[in-house]
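Structure data follow from coords_3.cif (mmCIF, C-alpha atoms (C1' of nucleotides)):
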```
data_query
loop_
_atom_site.label_atom_id
_atom_site.label_comp_id
_atom_site.auth_asym_id
_atom_site.auth_seq_id
_atom_site.Cartn_x
_atom_site.Cartn_y
_atom_site.Cartn_z
CA MET M 1 0.00 0.00 0.00
CA SER M 2 1.47 3.32 -1.02
CA THR M 3 0.73 6.29 1.17
CA THR M 4 -0.06 8.38 -1.90
CA ARG M 5 -3.27 10.18 -1.08
CA GLU M 6 -4.96 10.23 -4.44
CA PRO M 7 -8.15 12.09 -3.58
CA LEU M 8 -11.51 10.38 -3.86
CA SER M 9 -13.76 11.25 -6.77
CA ARG M 10 -17.03 10.08 -8.23
CA GLU M 11 -15.18 8.17 -10.90
CA ARG M 12 -12.88 6.39 -8.46
CA VAL M 13 -15.86 5.39 -6.32
CA VAL M 14 -17.70 3.95 -9.32
CA GLU M 15 -14.57 2.13 -10.53
CA ALA M 16 -14.09 0.59 -7.11
CA ALA M 17 -17.73 -0.48 -7.03
CA LEU M 18 -17.34 -2.19 -10.41
CA ALA M 19 -14.21 -3.99 -9.19
CA VAL M 20 -16.05 -5.24 -6.10
CA ILE M 21 -19.04 -6.36 -8.17
CA ASP M 22 -16.84 -8.24 -10.64
CA ARG M 23 -15.10 -10.02 -7.80
CA ALA M 24 -17.88 -10.56 -5.25
CA GLY M 25 -21.20 -9.99 -7.02
CA ILE M 26 -23.89 -7.47 -6.25
CA GLN M 27 -24.55 -9.19 -2.97
CA GLY M 28 -20.97 -8.46 -1.91
CA CYS M 29 -21.11 -4.84 -2.99
CA SER M 30 -21.87 -3.09 0.28
CA MET M 31 -20.93 0.52 0.83
CA ARG M 32 -18.45 -0.68 3.42
CA ALA M 33 -16.83 -3.09 0.94
CA VAL M 34 -16.43 -0.39 -1.71
CA ALA M 35 -14.95 1.93 0.89
CA GLY M 36 -12.55 -0.81 1.95
CA GLU M 37 -11.45 -1.22 -1.67
CA LEU M 38 -10.43 2.46 -1.56
CA GLY M 39 -8.88 2.35 1.92
CA VAL M 40 -11.50 4.69 3.27
CA GLU M 41 -14.53 4.64 5.54
CA ALA M 42 -18.01 3.99 4.15
CA MET M 43 -19.31 7.39 5.08
CA SER M 44 -16.77 9.12 2.87
CA LEU M 45 -18.42 7.77 -0.27
CA TYR M 46 -21.51 9.90 0.21
CA HIS M 47 -19.53 13.07 -0.49
CA HIS M 48 -18.91 11.87 -4.05
CA VAL M 49 -22.09 9.94 -4.68
CA PRO M 50 -24.69 12.06 -2.88
CA GLY M 51 -27.53 9.85 -4.06
CA GLY M 52 -26.08 6.94 -2.10
CA LYS M 53 -25.94 3.35 -3.24
CA ASP M 54 -28.53 3.72 -6.01
CA GLU M 55 -26.56 6.49 -7.69
CA MET M 56 -23.35 4.48 -7.34
CA LEU M 57 -24.91 1.45 -9.03
CA ASP M 58 -26.35 3.64 -11.80
CA GLY M 59 -22.80 4.87 -12.31
CA VAL M 60 -21.51 1.32 -12.64
CA VAL M 61 -24.08 0.53 -15.33
CA ALA M 62 -23.24 3.73 -17.21
CA MET M 63 -19.52 2.91 -17.03
CA VAL M 64 -19.88 -0.59 -18.47
CA GLN M 65 -22.19 0.77 -21.13
CA ALA M 66 -19.71 3.50 -22.04
CA GLU M 67 -16.86 0.98 -22.36
CA PHE M 68 -18.93 -0.89 -24.89
CA VAL M 69 -20.18 2.09 -26.89
CA GLU M 70 -16.66 3.43 -27.32
CA SER M 71 -15.35 0.08 -28.53
CA LEU M 72 -17.82 -0.07 -31.39
CA ASP M 73 -17.19 0.85 -35.03
CA LEU M 74 -20.26 1.36 -37.17
CA SER M 75 -20.42 1.05 -40.96
CA ASP M 76 -23.84 2.54 -41.70
CA GLU M 77 -24.93 -0.74 -43.24
CA TRP M 78 -27.83 -1.72 -41.01
CA ARG M 79 -27.45 -5.48 -40.93
CA GLN M 80 -23.74 -5.38 -40.29
CA ASP M 81 -24.17 -2.72 -37.62
CA MET M 82 -26.98 -4.56 -35.88
CA GLY M 83 -24.83 -7.68 -35.78
CA ALA M 84 -21.80 -5.76 -34.54
CA PHE M 85 -23.92 -4.06 -31.90
CA ALA M 86 -25.31 -7.34 -30.59
CA ARG M 87 -21.96 -9.14 -30.61
CA ALA M 88 -20.04 -6.28 -28.99
CA TYR M 89 -22.75 -5.89 -26.40
CA ARG M 90 -22.60 -9.55 -25.53
CA ASP M 91 -18.79 -9.37 -25.32
CA ALA M 92 -18.89 -6.37 -23.01
CA LEU M 93 -21.49 -7.95 -20.76
CA SER M 94 -19.55 -11.22 -20.67
CA ARG M 95 -16.62 -9.31 -19.22
CA HIS M 96 -18.86 -8.17 -16.35
CA PRO M 97 -21.36 -10.98 -15.84
CA ASN M 98 -22.48 -9.70 -12.45
CA VAL M 99 -23.49 -6.38 -13.99
CA VAL M 100 -25.89 -7.85 -16.55
CA ALA M 101 -28.83 -8.17 -14.17
CA MET M 102 -28.29 -4.57 -13.07
CA ILE M 103 -28.45 -3.38 -16.66
CA ALA M 104 -31.59 -5.36 -17.28
CA ALA M 105 -33.23 -3.66 -14.33
CA ARG M 106 -32.12 -0.14 -15.41
CA PRO M 107 -32.94 0.17 -19.10
CA SER M 108 -33.19 3.95 -18.97
CA VAL M 109 -29.62 4.30 -17.70
CA ALA M 110 -28.50 2.00 -20.49
CA TYR M 111 -30.38 3.91 -23.20
CA ARG M 112 -29.20 7.26 -21.88
CA SER M 113 -25.54 6.29 -22.19
CA SER M 114 -25.88 4.97 -25.73
CA THR M 115 -27.88 7.70 -27.39
CA VAL M 116 -25.45 8.17 -30.25
CA LEU M 117 -25.35 4.47 -30.96
CA VAL M 118 -29.12 3.98 -30.97
CA GLY M 119 -29.52 7.04 -33.16
CA SER M 120 -27.00 5.79 -35.69
CA LEU M 121 -28.57 2.34 -35.94
CA PHE M 122 -31.94 3.95 -36.32
CA THR M 123 -30.96 6.16 -39.24
CA SER M 124 -29.09 3.29 -40.96
CA MET M 125 -32.28 1.31 -40.95
CA GLU M 126 -34.39 4.18 -42.22
CA ASP M 127 -31.86 4.78 -44.98
CA ALA M 128 -32.07 1.11 -45.96
CA GLY M 129 -35.81 1.49 -46.48
CA PHE M 130 -37.38 0.38 -43.21
CA ALA M 131 -40.52 2.15 -42.10
CA ARG M 132 -39.79 4.57 -39.26
CA GLU M 133 -41.98 2.53 -36.95
CA ASP M 134 -40.24 -0.73 -37.82
CA ALA M 135 -36.79 0.78 -37.35
CA LEU M 136 -37.77 1.93 -33.85
CA ARG M 137 -39.09 -1.50 -33.04
CA ALA M 138 -36.12 -3.33 -34.51
CA VAL M 139 -33.57 -1.42 -32.44
CA ARG M 140 -35.50 -2.19 -29.29
CA VAL M 141 -36.04 -5.83 -30.20
CA VAL M 142 -32.37 -6.47 -30.90
CA SER M 143 -31.05 -4.71 -27.80
CA ARG M 144 -33.59 -6.43 -25.60
CA TRP M 145 -32.84 -9.77 -27.11
CA THR M 146 -29.14 -9.31 -26.54
CA ILE M 147 -29.59 -8.30 -22.90
CA GLY M 148 -32.02 -11.13 -22.32
CA PHE M 149 -29.76 -13.66 -23.92
CA THR M 150 -26.62 -12.56 -22.12
CA LEU M 151 -28.49 -12.35 -18.85
CA GLY M 152 -29.51 -15.97 -19.09
CA GLU M 153 -26.04 -16.89 -20.22
CA ALA M 154 -24.40 -15.19 -17.24
CA SER M 155 -26.40 -17.13 -14.69
CA ALA M 156 -26.44 -20.32 -16.77
CA VAL M 157 -22.71 -20.88 -16.39
CA GLU M 158 -23.02 -21.79 -12.74
CA ASP M 159 -26.21 -23.72 -13.39
CA GLY M 160 -24.49 -25.73 -16.10
CA GLU M 161 -22.19 -27.24 -13.52
CA SER M 162 -25.15 -28.93 -11.87
CA ALA M 163 -26.58 -30.41 -15.09
CA GLY M 164 -26.27 -33.94 -13.70
CA GLN M 165 -28.77 -33.18 -10.96
CA PHE M 166 -31.75 -33.17 -13.31
CA ASP M 167 -33.72 -36.39 -13.59
CA GLU M 168 -35.10 -35.53 -17.02
CA PRO M 169 -32.70 -36.60 -19.83
CA LEU M 170 -33.66 -33.64 -22.02
CA LEU M 171 -32.80 -31.16 -19.28
CA VAL M 172 -29.46 -32.84 -18.70
CA GLU M 173 -28.78 -32.41 -22.40
CA VAL M 174 -29.86 -28.75 -22.40
CA PHE M 175 -27.72 -27.85 -19.40
CA THR M 176 -24.69 -29.81 -20.53
CA ASP M 177 -24.96 -27.86 -23.75
CA ILE M 178 -25.09 -24.60 -21.79
CA ALA M 179 -21.97 -25.49 -19.83
CA ARG M 180 -20.11 -25.99 -23.12
CA GLY M 181 -20.73 -22.36 -23.95
CA GLU M 182 -23.40 -20.59 -25.87
CA ALA M 183 -21.67 -18.69 -28.62
CA ASP M 184 -23.25 -20.77 -31.37
CA VAL M 185 -26.75 -20.49 -29.91
CA PHE M 186 -26.29 -16.74 -29.81
CA GLU M 187 -25.20 -16.66 -33.47
CA PHE M 188 -28.06 -18.96 -34.44
CA GLY M 189 -30.67 -16.76 -32.80
CA LEU M 190 -29.13 -13.50 -33.95
CA GLU M 191 -29.00 -14.54 -37.60
CA ALA M 192 -32.55 -15.87 -37.44
CA LEU M 193 -33.75 -12.58 -36.00
CA LEU M 194 -31.87 -10.49 -38.56
CA ASP M 195 -33.24 -12.67 -41.37
CA GLY M 196 -36.73 -12.05 -40.06
CA LEU M 197 -36.12 -8.31 -39.91
CA GLU M 198 -34.67 -8.24 -43.40
CA ALA M 199 -37.83 -9.87 -44.70
CA ARG M 200 -39.73 -6.81 -43.45
CA LEU M 201 -37.82 -4.42 -45.68
CA GLY M 202 -39.88 -2.19 -47.98
CA MET S 1 -59.02 -10.58 10.89
CA SER S 2 -60.52 -13.94 11.77
CA THR S 3 -58.99 -15.87 14.61
CA THR S 4 -59.02 -19.04 12.49
CA ARG S 5 -55.67 -20.66 13.01
CA GLU S 6 -55.01 -22.09 9.60
CA PRO S 7 -51.62 -23.71 10.11
CA LEU S 8 -48.58 -22.44 8.27
CA SER S 9 -47.23 -24.47 5.39
CA ARG S 10 -44.58 -24.13 2.72
CA GLU S 11 -47.24 -23.24 0.19
CA ARG S 12 -48.80 -20.53 2.36
CA VAL S 13 -45.39 -19.00 3.01
CA VAL S 14 -44.57 -18.89 -0.72
CA GLU S 15 -48.01 -17.47 -1.55
CA ALA S 16 -47.56 -14.74 1.03
CA ALA S 17 -44.10 -13.93 -0.34
CA LEU S 18 -45.55 -13.58 -3.85
CA ALA S 19 -48.27 -11.28 -2.55
CA VAL S 20 -45.70 -9.07 -0.81
CA ILE S 21 -43.49 -8.98 -3.91
CA ASP S 22 -46.42 -8.04 -6.16
CA ARG S 23 -47.34 -5.22 -3.81
CA ALA S 24 -43.97 -3.95 -2.56
CA GLY S 25 -41.29 -5.32 -4.88
CA ILE S 26 -38.37 -7.54 -4.04
CA GLN S 27 -36.86 -4.77 -1.95
CA GLY S 28 -39.92 -4.83 0.27
CA CYS S 29 -39.94 -8.60 0.62
CA SER S 30 -38.18 -9.07 3.94
CA MET S 31 -38.74 -12.15 6.04
CA ARG S 32 -40.39 -9.89 8.59
CA ALA S 33 -42.79 -8.50 5.97
CA VAL S 34 -43.81 -11.97 4.76
CA ALA S 35 -44.34 -13.05 8.34
CA GLY S 36 -46.47 -9.95 8.91
CA GLU S 37 -48.59 -10.88 5.90
CA LEU S 38 -49.34 -14.17 7.66
CA GLY S 39 -49.84 -12.68 11.13
CA VAL S 40 -46.82 -14.51 12.45
CA GLU S 41 -43.25 -13.80 13.59
CA ALA S 42 -40.38 -13.93 11.10
CA MET S 43 -38.68 -16.83 12.82
CA SER S 44 -41.67 -19.08 12.25
CA LEU S 45 -41.08 -19.12 8.50
CA TYR S 46 -37.87 -21.12 8.83
CA HIS S 47 -39.80 -24.18 9.95
CA HIS S 48 -41.50 -24.37 6.55
CA VAL S 49 -38.72 -22.99 4.35
CA PRO S 50 -35.61 -24.45 5.99
CA GLY S 51 -33.35 -22.99 3.31
CA GLY S 52 -34.34 -19.49 4.37
CA LYS S 53 -34.99 -16.59 2.07
CA ASP S 54 -33.29 -18.13 -0.98
CA GLU S 55 -35.51 -21.19 -0.87
CA MET S 56 -38.56 -19.00 -0.37
CA LEU S 57 -37.74 -16.91 -3.46
CA ASP S 58 -37.04 -20.05 -5.50
CA GLY S 59 -40.50 -21.17 -4.46
CA VAL S 60 -42.02 -17.91 -5.71
CA VAL S 61 -40.38 -18.35 -9.13
CA ALA S 62 -41.56 -21.95 -9.34
CA MET S 63 -45.10 -20.91 -8.41
CA VAL S 64 -45.37 -18.21 -11.09
CA GLN S 65 -43.85 -20.60 -13.61
CA ALA S 66 -46.34 -23.34 -12.68
CA GLU S 67 -49.29 -20.96 -13.08
CA PHE S 68 -48.15 -20.27 -16.60
CA VAL S 69 -47.33 -23.84 -17.63
CA GLU S 70 -50.75 -25.07 -16.49
CA SER S 71 -52.55 -22.35 -18.42
CA LEU S 72 -51.01 -23.38 -21.73
CA ASP S 73 -52.59 -25.57 -24.40
CA LEU S 74 -50.25 -26.98 -27.03
CA SER S 75 -51.22 -28.10 -30.50
CA ASP S 76 -48.07 -29.98 -31.61
CA GLU S 77 -47.67 -27.54 -34.50
CA TRP S 78 -44.31 -25.95 -33.72
CA ARG S 79 -44.87 -22.42 -34.93
CA GLN S 80 -48.23 -22.06 -33.26
CA ASP S 81 -46.88 -23.59 -30.05
CA MET S 82 -43.81 -21.38 -30.01
CA GLY S 83 -46.00 -18.33 -30.42
CA ALA S 84 -48.45 -19.51 -27.78
CA PHE S 85 -45.56 -20.22 -25.44
CA ALA S 86 -44.03 -16.76 -25.88
CA ARG S 87 -47.34 -14.91 -25.59
CA ALA S 88 -48.56 -16.85 -22.57
CA TYR S 89 -45.19 -16.41 -20.89
CA ARG S 90 -45.29 -12.68 -21.44
CA ASP S 91 -48.85 -12.56 -20.10
CA ALA S 92 -47.92 -14.49 -16.98
CA LEU S 93 -44.87 -12.34 -16.32
CA SER S 94 -46.89 -9.17 -16.89
CA ARG S 95 -49.16 -10.22 -14.07
CA HIS S 96 -46.13 -10.36 -11.74
CA PRO S 97 -43.75 -7.68 -13.07
CA ASN S 98 -41.63 -7.69 -9.93
CA VAL S 99 -40.92 -11.39 -10.34
CA VAL S 100 -39.46 -11.13 -13.84
CA ALA S 101 -35.97 -10.12 -12.72
CA MET S 102 -35.97 -13.00 -10.24
CA ILE S 103 -36.79 -15.47 -13.00
CA ALA S 104 -34.06 -14.06 -15.19
CA ALA S 105 -31.58 -14.62 -12.39
CA ARG S 106 -32.77 -18.20 -11.74
CA PRO S 107 -33.01 -19.94 -15.11
CA SER S 108 -32.52 -23.41 -13.65
CA VAL S 109 -35.53 -23.02 -11.37
CA ALA S 110 -37.55 -21.87 -14.38
CA TYR S 111 -36.43 -24.77 -16.58
CA ARG S 112 -37.00 -27.30 -13.84
CA SER S 113 -40.63 -26.28 -13.46
CA SER S 114 -41.39 -26.40 -17.18
CA THR S 115 -39.77 -29.66 -18.23
CA VAL S 116 -42.90 -31.02 -19.87
CA LEU S 117 -43.41 -27.85 -21.87
CA VAL S 118 -39.84 -27.61 -23.14
CA GLY S 119 -39.91 -31.28 -24.06
CA SER S 120 -43.13 -30.91 -26.02
CA LEU S 121 -41.90 -27.89 -27.98
CA PHE S 122 -38.69 -29.71 -28.71
CA THR S 123 -40.37 -32.78 -30.17
CA SER S 124 -42.81 -30.68 -32.20
CA MET S 125 -39.86 -29.01 -33.87
CA GLU S 126 -38.07 -32.25 -34.54
CA ASP S 127 -41.28 -33.70 -36.02
CA ALA S 128 -41.55 -30.67 -38.28
CA GLY S 129 -38.13 -31.42 -39.69
CA PHE S 130 -35.73 -29.25 -37.67
CA ALA S 131 -32.30 -30.67 -36.97
CA ARG S 132 -32.02 -31.81 -33.36
CA GLU S 133 -29.38 -29.19 -32.70
CA ASP S 134 -31.48 -26.38 -34.16
CA ALA S 135 -34.55 -27.43 -32.20
CA LEU S 136 -32.53 -27.27 -28.98
CA ARG S 137 -31.22 -23.85 -29.88
CA ALA S 138 -34.59 -22.54 -31.00
CA VAL S 139 -36.33 -23.41 -27.74
CA ARG S 140 -33.63 -21.63 -25.79
CA VAL S 141 -33.59 -18.61 -28.08
CA VAL S 142 -37.34 -18.08 -27.89
CA SER S 143 -37.61 -18.53 -24.13
CA ARG S 144 -34.64 -16.23 -23.52
CA TRP S 145 -35.96 -13.66 -25.88
CA THR S 146 -39.32 -13.65 -24.14
CA ILE S 147 -37.79 -13.29 -20.69
CA GLY S 148 -35.46 -10.57 -21.89
CA PHE S 149 -38.22 -8.68 -23.59
CA THR S 150 -40.63 -8.87 -20.70
CA LEU S 151 -37.90 -7.96 -18.26
CA GLY S 152 -37.21 -4.74 -20.10
CA GLU S 153 -40.91 -4.13 -20.42
CA ALA S 154 -41.52 -4.52 -16.70
CA SER S 155 -38.98 -1.88 -15.74
CA ALA S 156 -39.73 0.30 -18.77
CA VAL S 157 -43.20 1.18 -17.55
CA GLU S 158 -41.89 3.33 -14.73
CA ASP S 159 -39.12 4.68 -16.95
CA GLY S 160 -41.66 5.68 -19.57
CA GLU S 161 -43.20 8.13 -17.15
CA SER S 162 -39.98 10.12 -17.17
CA ALA S 163 -39.62 10.25 -20.97
CA GLY S 164 -39.79 14.04 -20.93
CA GLN S 165 -36.56 14.24 -18.95
CA PHE S 166 -34.40 13.23 -21.92
CA ASP S 167 -32.81 16.02 -23.89
CA GLU S 168 -32.39 13.88 -27.02
CA PRO S 169 -35.56 13.96 -29.20
CA LEU S 170 -35.08 10.37 -30.36
CA LEU S 171 -34.96 9.11 -26.78
CA VAL S 172 -38.09 11.05 -25.91
CA GLU S 173 -39.78 9.31 -28.83
CA VAL S 174 -38.51 5.87 -27.82
CA PHE S 175 -39.64 6.23 -24.21
CA THR S 176 -42.98 7.80 -25.04
CA ASP S 177 -43.55 4.79 -27.25
CA ILE S 178 -42.66 2.49 -24.39
CA ALA S 179 -45.10 4.20 -22.07
CA ARG S 180 -47.86 3.57 -24.61
CA GLY S 181 -47.36 -0.15 -24.22
CA GLU S 182 -45.25 -2.63 -26.04
CA ALA S 183 -47.60 -5.30 -27.29
CA ASP S 184 -46.98 -4.47 -30.93
CA VAL S 185 -43.20 -4.39 -30.54
CA PHE S 186 -43.41 -7.82 -28.94
CA GLU S 187 -45.50 -9.17 -31.82
CA PHE S 188 -43.19 -7.57 -34.36
CA GLY S 189 -40.08 -9.15 -32.83
CA LEU S 190 -41.71 -12.50 -32.21
CA GLU S 191 -42.96 -12.88 -35.77
CA ALA S 192 -39.59 -11.80 -37.16
CA LEU S 193 -37.83 -14.37 -35.02
CA LEU S 194 -40.25 -17.15 -35.97
CA ASP S 195 -39.89 -16.24 -39.66
CA GLY S 196 -36.14 -16.52 -39.29
CA LEU S 197 -36.45 -19.90 -37.59
CA GLU S 198 -38.86 -21.18 -40.22
CA ALA S 199 -36.32 -20.32 -42.91
CA ARG S 200 -33.98 -22.82 -41.22
CA LEU S 201 -36.32 -25.75 -41.77
CA GLY S 202 -34.87 -28.77 -43.51
"C1'" DA O 1 -44.89 -30.16 16.87
"C1'" DC O 2 -45.15 -25.61 16.18
"C1'" DC O 3 -44.19 -20.93 17.31
"C1'" DT O 4 -41.42 -17.05 19.51
"C1'" DG O 5 -38.08 -13.52 22.29
"C1'" DA O 6 -33.86 -12.14 22.59
"C1'" DA O 7 -29.64 -11.80 20.44
"C1'" DC O 8 -25.85 -11.62 16.73
"C1'" DA O 9 -23.59 -9.81 12.93
"C1'" DC O 10 -24.60 -7.40 9.34
"C1'" DC O 11 -26.68 -3.42 6.24
"C1'" DG O 12 -27.59 1.82 4.25
"C1'" DT O 13 -27.66 6.24 5.92
"C1'" DT O 14 -27.47 10.61 9.03
"C1'" DC O 15 -25.16 13.97 11.48
"C1'" DA O 16 -22.27 16.27 14.44
"C1'" DA O 17 -17.55 16.35 15.07
"C1'" DG O 18 -12.81 16.29 13.85
"C1'" DT O 19 -8.52 17.81 10.65
"C1'" DA F 1 -13.10 20.99 1.95
"C1'" DC F 2 -12.75 16.48 2.95
"C1'" DC F 3 -13.04 12.61 5.94
"C1'" DT F 4 -14.83 9.98 10.10
"C1'" DG F 5 -16.98 7.91 14.85
"C1'" DA F 6 -20.86 6.94 16.84
"C1'" DA F 7 -25.48 6.03 16.30
"C1'" DC F 8 -30.16 4.70 14.17
"C1'" DA F 9 -33.27 1.74 12.12
"C1'" DC F 10 -33.22 -1.88 9.55
"C1'" DC F 11 -31.88 -6.84 7.69
"C1'" DG F 12 -31.28 -12.48 7.64
"C1'" DT F 13 -30.52 -15.95 10.75
"C1'" DT F 14 -29.61 -18.83 15.19
"C1'" DC F 15 -30.95 -20.91 19.27
"C1'" DA F 16 -32.73 -21.77 23.57
"C1'" DA F 17 -37.09 -21.33 25.50
"C1'" DG F 18 -41.98 -21.43 25.75
"C1'" DT F 19 -46.87 -23.77 24.74
#
```

What's the structure tokens form of this structure?
Amino acid sequence: MSTTREPLSRERVVEAALAVIDRAGIQGCSMRAVAGELGVEAMSLYHHVPGGKDEMLDGVVAMVQAEFVESLDLSDEWRQDMGAFARAYRDALSRHPNVVAMIAARPSVAYRSSTVLVGSLFTSMEDAGFAREDALRAVRVVSRWTIGFTLGEASAVEDGESAGQFDEPLLVEVFTDIARGEADVFEFGLEALLDGLEARLG
Amino acid sequence: MSTTREPLSRERVVEAALAVIDRAGIQGCSMRAVAGELGVEAMSLYHHVPGGKDEMLDGVVAMVQAEFVESLDLSDEWRQDMGAFARAYRDALSRHPNVVAMIAARPSVAYRSSTVLVGSLFTSMEDAGFAREDALRAVRVVSRWTIGFTLGEASAVEDGESAGQFDEPLLVEVFTDIARGEADVFEFGLEALLDGLEARLG
DNA sequence: ACCTGAACACCGTTCAAGT
DNA sequence: ACCTGAACACCGTTCAAGT
């Protein structure tokens, strides 16, 4: 431990919270634990996150979301961009599996921090010939689907380990499959969905 | 309040927990609150739910899931059954919006209580000519998609009320749309996904 | 057998006090 | 200005004790 007294800040608090969540889950993310991560007392956090724990967790969601948005290159070709969006989103969420459920429960925080992205996808689709209404729906369907899929995936990993406990052969098969990883199921579903959207063009 | 001393049971405890969750959310579902619902002290619950709060919440998920599975009639025609499955699932989850996030975080409990259903969908698809692998994937994709969609929908209702707070016109539009209800977005996405799956036949 | 009172080790948060 | 000690009102859970 260095004695350097880097001063606390909103960003450092949120970073520490993300580190604790990645390591110990949301359950383990008490104000006291985050403070401990920073070598500080719990009460100090409130000076930088006045809204308390809720604001801190909102900050964590926004940070993960921002990481992902910045990592994404768009081409203005709707199908490619939709695919890139879904795959990059899944990648980002896989790096922080314990955050996925938080994102799912805070869609407005997620939308807010990806305005540019959603807007770009939306105009790409309109340019390609989708009805305005369908473009709006499609963006929401794909982002929802990706969150939903990754959410299940995040909690399925631990469940997969107990596949043998099922007495129904089909369930054993399903959960063994899950434990092997889900990348191909994700691709299968994504392509099916994009095919279905493409059929609605014009 | 009658003085009838209907004895406590596992089922009554789980029912009371569901009632509290529907009314006050998961946050409000403390052991003390559930006990209060039953006119009993918190410590009494442990005699009927030895695993404590976790087991109680698992029971709530299983109960909502069972309600839904029992309400569903299947026809053995895969596309119709997939659609009926997704729509009935969304309906059931809409009746208990505060439970949706719990289901998303407990996929194994959900699967366990719908073995028969998953098995039936699976064989319908195989009968229709889907490869075994694709049928497995398809069942998972559709159930995930439905959970993910409904999850966002459940928390979007409250978010929709604050649509005006966004400074980006597109976001205002998106969230106003959400507040109006999402049935048509659900139908749009579901039909697109089923179209995409159908294209993979044979 | 079923229920409970008191207690333990936690939690988020407040607020007056320290430097 | 920034941090903290002590305290408050909660929480899940244990266990010996009551009926």

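The set of residues that the PyMOL selection byres ((chain S) within 12 of (chain O)) takes from this file is Pro7, Leu8, Ser9, Ala35, Gly39, Val40, Glu41, Ala42, Met43, Ser44, Leu45, Tyr46, His47 and His48 of chain S.
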
Any idea which chain S residues end up within 6 Å of chain M if we count only C-alpha atoms, as a short mmCIF file (atom, residue, chain, number, x, y, z; two decimals) with C-alpha atoms, in the coordinates of the input please?
```cif
data_model
loop_
_atom_site.label_atom_id
_atom_site.label_comp_id
_atom_site.auth_asym_id
_atom_site.auth_seq_id
_atom_site.Cartn_x
_atom_site.Cartn_y
_atom_site.Cartn_z
CA ARG S 137 -31.22 -23.85 -29.88
CA VAL S 141 -33.59 -18.61 -28.08
CA ARG S 144 -34.64 -16.23 -23.52
CA TRP S 145 -35.96 -13.66 -25.88
CA GLY S 148 -35.46 -10.57 -21.89
CA PHE S 149 -38.22 -8.68 -23.59
CA VAL S 185 -43.20 -4.39 -30.54
CA GLY S 189 -40.08 -9.15 -32.83
CA ALA S 192 -39.59 -11.80 -37.16
CA LEU S 193 -37.83 -14.37 -35.02
CA ASP S 195 -39.89 -16.24 -39.66
CA GLY S 196 -36.14 -16.52 -39.29
CA LEU S 197 -36.45 -19.90 -37.59
#
```

Build an axis-aligned box that encloses every atom of region 8-26 of chain M listed in the file, pad it by 6 Å on each side, and report its centre and edge lengths in Å to one decimal, as JSON.
```
{"center_x": -17.7, "center_y": 0.3, "center_z": -7.4, "size_x": 24.4, "size_y": 33.8, "size_z": 19.0}
```

Separation of CA of Val61 (chain M) from CA of Arg87 (chain M), in Å and rounded to one decimal:
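Between CA of Val61 (chain M) and CA of Arg87 (chain M) the gap is 18.2 Å.
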
- prompt: Which residues match the PyMOL selection byres ((chain M and resi 24) around 12) in the file above, as number ranges by chain?
  reply: M: 16-23, 25-30, 33-34, 37, 96-99

Take the residues that were just selected and, keeping C-alpha atoms, output them as a PDB file, keeping the file's coordinate frame.
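Saved the output as selection03.pdb:
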```
ATOM      1  CA  ALA M  16     -14.090   0.590  -7.110  1.00  0.00           C
ATOM      2  CA  ALA M  17     -17.730  -0.480  -7.030  1.00  0.00           C
ATOM      3  CA  LEU M  18     -17.340  -2.190 -10.410  1.00  0.00           C
ATOM      4  CA  ALA M  19     -14.210  -3.990  -9.190  1.00  0.00           C
ATOM      5  CA  VAL M  20     -16.050  -5.240  -6.100  1.00  0.00           C
ATOM      6  CA  ILE M  21     -19.040  -6.360  -8.170  1.00  0.00           C
ATOM      7  CA  ASP M  22     -16.840  -8.240 -10.640  1.00  0.00           C
ATOM      8  CA  ARG M  23     -15.100 -10.020  -7.800  1.00  0.00           C
ATOM      9  CA  GLY M  25     -21.200  -9.990  -7.020  1.00  0.00           C
ATOM     10  CA  ILE M  26     -23.890  -7.470  -6.250  1.00  0.00           C
ATOM     11  CA  GLN M  27     -24.550  -9.190  -2.970  1.00  0.00           C
ATOM     12  CA  GLY M  28     -20.970  -8.460  -1.910  1.00  0.00           C
ATOM     13  CA  CYS M  29     -21.110  -4.840  -2.990  1.00  0.00           C
ATOM     14  CA  SER M  30     -21.870  -3.090   0.280  1.00  0.00           C
ATOM     15  CA  ALA M  33     -16.830  -3.090   0.940  1.00  0.00           C
ATOM     16  CA  VAL M  34     -16.430  -0.390  -1.710  1.00  0.00           C
ATOM     17  CA  GLU M  37     -11.450  -1.220  -1.670  1.00  0.00           C
ATOM     18  CA  HIS M  96     -18.860  -8.170 -16.350  1.00  0.00           C
ATOM     19  CA  PRO M  97     -21.360 -10.980 -15.840  1.00  0.00           C
ATOM     20  CA  ASN M  98     -22.480  -9.700 -12.450  1.00  0.00           C
ATOM     21  CA  VAL M  99     -23.490  -6.380 -13.990  1.00  0.00           C
TER      22      VAL M  99
END
```

re CA of Asp73 (chain S) and CA of Leu117 (chain S): distance 9.8 Å

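CA of Met56 (chain M) sits 14.3 Å away from CA of Leu38 (chain M).
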
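Selection by the PyMOL selection byres ((chain S and resi 64) around 10) on the present file picks out Glu15, Leu18, Gly59, Val60, Val61, Ala62, Met63, Gln65, Ala66, Glu67, Phe68, Val69, Tyr89, Ala92, Leu93, Arg95, His96, Val99, Val100, Ile103, Ala110 and Ser113 of chain S.
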
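Every protein, DNA or RNA residue with an atom at most 7 Å from Arg10 (chain S), where all atoms listed in the file count and chain neighbours fewer than 2 positions away do not, is listed here: Arg12, Val13, Val14, His48 and Val49 of chain S.
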